[in-house]
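Below you'll find the structure, written out as structure tokens, and then a few comments.
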Amino acid sequence: VGQSAGDSQSNSAKNPLSSSTVSKSASIQIELEALSGTAEDIFDLAKMDKWNRIRKKLDELKKTERSIKLIRNEENDFFSLRLAAKIQDLEQAVSAKNRNDTMRFANNITLLEIAMIGELKPRVPTNVMLLDYCGRELEILSEENDIDKLSNLVVRMHLLWQNLIPRLIDKGATKEIKKFSEIMTRLERAKTPAEYNHQARQVLDEVDNLEKVFK
């Protein structure tokens, strides 16, 4: 049943903030994606010891944090406080040129972004984003030779992957399912940090393809 012009105007009058709310959510999502992208850049630059380029990215990160705070208009909520603390930790690690801490704090910022963006119902499932986070965490832990944590991380990745498969089936992504399942099998068989590290790169490359399925 179609709406009359009067009905439409009445609904608009009842929900005067509906369009602005949608606009606000879209703006927050754009800024959160920018935040995560910059944090990933810092992770990659730290991995390559390119400290001279990290400072500029850190400034970009702080600028995006201010934009998010301005749009959300919530100064002291959990997310804003945690983000400010993580950026402070990251800045200290960068100043000390601590490679592993810089990588870890940058990756933690992407995890915080996933928690926030999940409330906005993004097109890309949060499990895809979490697998991306896990791929970077595999790189960190493999460099630290922490086999126990690597093994536990793979168990969590397996659960994320199993929950994601039905969404991929709905999209007809049989090729992507086959390829990532093979990566997970190799990860479950990994025994050495070097083997985990090799598969971490495969995870990150294939997550890009999983994202494309939903875009």
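Identifiers for the structure tokens are assigned positionally: chains receive A, B, ... in sequence, residues are indexed from 1 per chain, and ligands are indexed from 1 in the order shown.
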
Rows by chain and residue number, segment 66-91 of chain A within 8 Å of segment 45-62 of chain A, shortest pair, only C-alpha atoms, as CSV:
```
residue,atom,partner,partner_atom,distance
A:Arg66,CA,A:Lys62,CA,6.3
A:Ile87,CA,A:Lys62,CA,7.5
A:Glu91,CA,A:Leu58,CA,7.4
```

Please dump the current selection as a tab-separated table (two decimals), in the first residue's frame; keep N, CA and C atoms.
```tsv
chain	number	residue	atom	x	y	z
A	66	ARG	N	39.68	12.70	16.76
A	66	ARG	CA	38.97	13.94	17.09
A	66	ARG	C	37.68	14.07	16.28
A	87	ILE	N	45.64	5.06	21.75
A	87	ILE	CA	46.46	5.95	20.93
A	87	ILE	C	47.65	6.48	21.74
A	91	GLU	N	51.46	5.93	20.79
A	91	GLU	CA	52.39	7.05	20.63
A	91	GLU	C	53.67	6.82	21.43
```

Who sits within 12 Å of segment 68-85 of chain A, only C-alpha atoms, same chain under 3 positions skipped, as a PyMOL selection string: chain A and resi 20-21+23-36+39+61-65+88-92+105-106+108-117

Given only C-alpha atoms as the counted atoms, nearest of A:Arg99, A:Glu119, A:Thr38, A:Leu138 to Asn197 of chain A: A:Leu138

Shell of 8 Å around Leu168 of chain A, only C-alpha atoms, local chain residues under 4 positions omitted, as a ChimeraX atom specification: /A:164,172-174,177,213

Generate a file of the selected residues that holds N, CA, C and O atoms, formatted as an mmCIF file, in the first residue's frame.
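result-v8.cif was written with the following content:
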```
data_model
loop_
_atom_site.group_PDB
_atom_site.id
_atom_site.type_symbol
_atom_site.label_atom_id
_atom_site.label_comp_id
_atom_site.auth_asym_id
_atom_site.auth_seq_id
_atom_site.Cartn_x
_atom_site.Cartn_y
_atom_site.Cartn_z
ATOM 1 N N LEU A 164 31.158 -17.710 9.850
ATOM 2 C CA LEU A 164 31.105 -16.880 8.644
ATOM 3 C C LEU A 164 30.671 -17.666 7.406
ATOM 4 O O LEU A 164 30.066 -17.107 6.488
ATOM 5 N N GLY A 172 27.100 -17.253 -2.532
ATOM 6 C CA GLY A 172 27.614 -18.113 -3.600
ATOM 7 C C GLY A 172 29.119 -18.089 -3.729
ATOM 8 O O GLY A 172 29.674 -18.352 -4.809
ATOM 9 N N ALA A 173 29.812 -17.805 -2.618
ATOM 10 C CA ALA A 173 31.273 -17.638 -2.663
ATOM 11 C C ALA A 173 31.994 -18.966 -2.423
ATOM 12 O O ALA A 173 32.791 -19.105 -1.490
ATOM 13 N N THR A 174 31.732 -19.941 -3.273
ATOM 14 C CA THR A 174 32.315 -21.277 -3.085
ATOM 15 C C THR A 174 33.834 -21.272 -3.235
ATOM 16 O O THR A 174 34.536 -21.978 -2.509
ATOM 17 N N ILE A 177 35.329 -19.837 -0.062
ATOM 18 C CA ILE A 177 35.192 -20.788 1.048
ATOM 19 C C ILE A 177 36.268 -21.863 0.958
ATOM 20 O O ILE A 177 36.930 -22.196 1.953
ATOM 21 N N VAL A 213 33.528 -9.951 -1.408
ATOM 22 C CA VAL A 213 32.274 -10.695 -1.563
ATOM 23 C C VAL A 213 31.091 -9.878 -1.071
ATOM 24 O O VAL A 213 29.985 -9.944 -1.621
#
```

Computed interatomic separation between atom CA of Asp44 of chain A and atom CA of Met103 of chain A (Å): 7.7 Å

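Between atom CA of Lys212 of chain A and atom CA of Pro193 of chain A lies a distance of 29.4 Å.
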
Interatomic distance, atom CA of Glu139 of chain A to atom CA of Pro125 of chain A (Å, one decimal): 22.5 Å

Polymer residues at most 8 Å from Arg123 of chain A, only C-alpha atoms, same-chain spacing of 2 or more positions, as a VMD selection string: chain A and resid 121 125 214 to 215
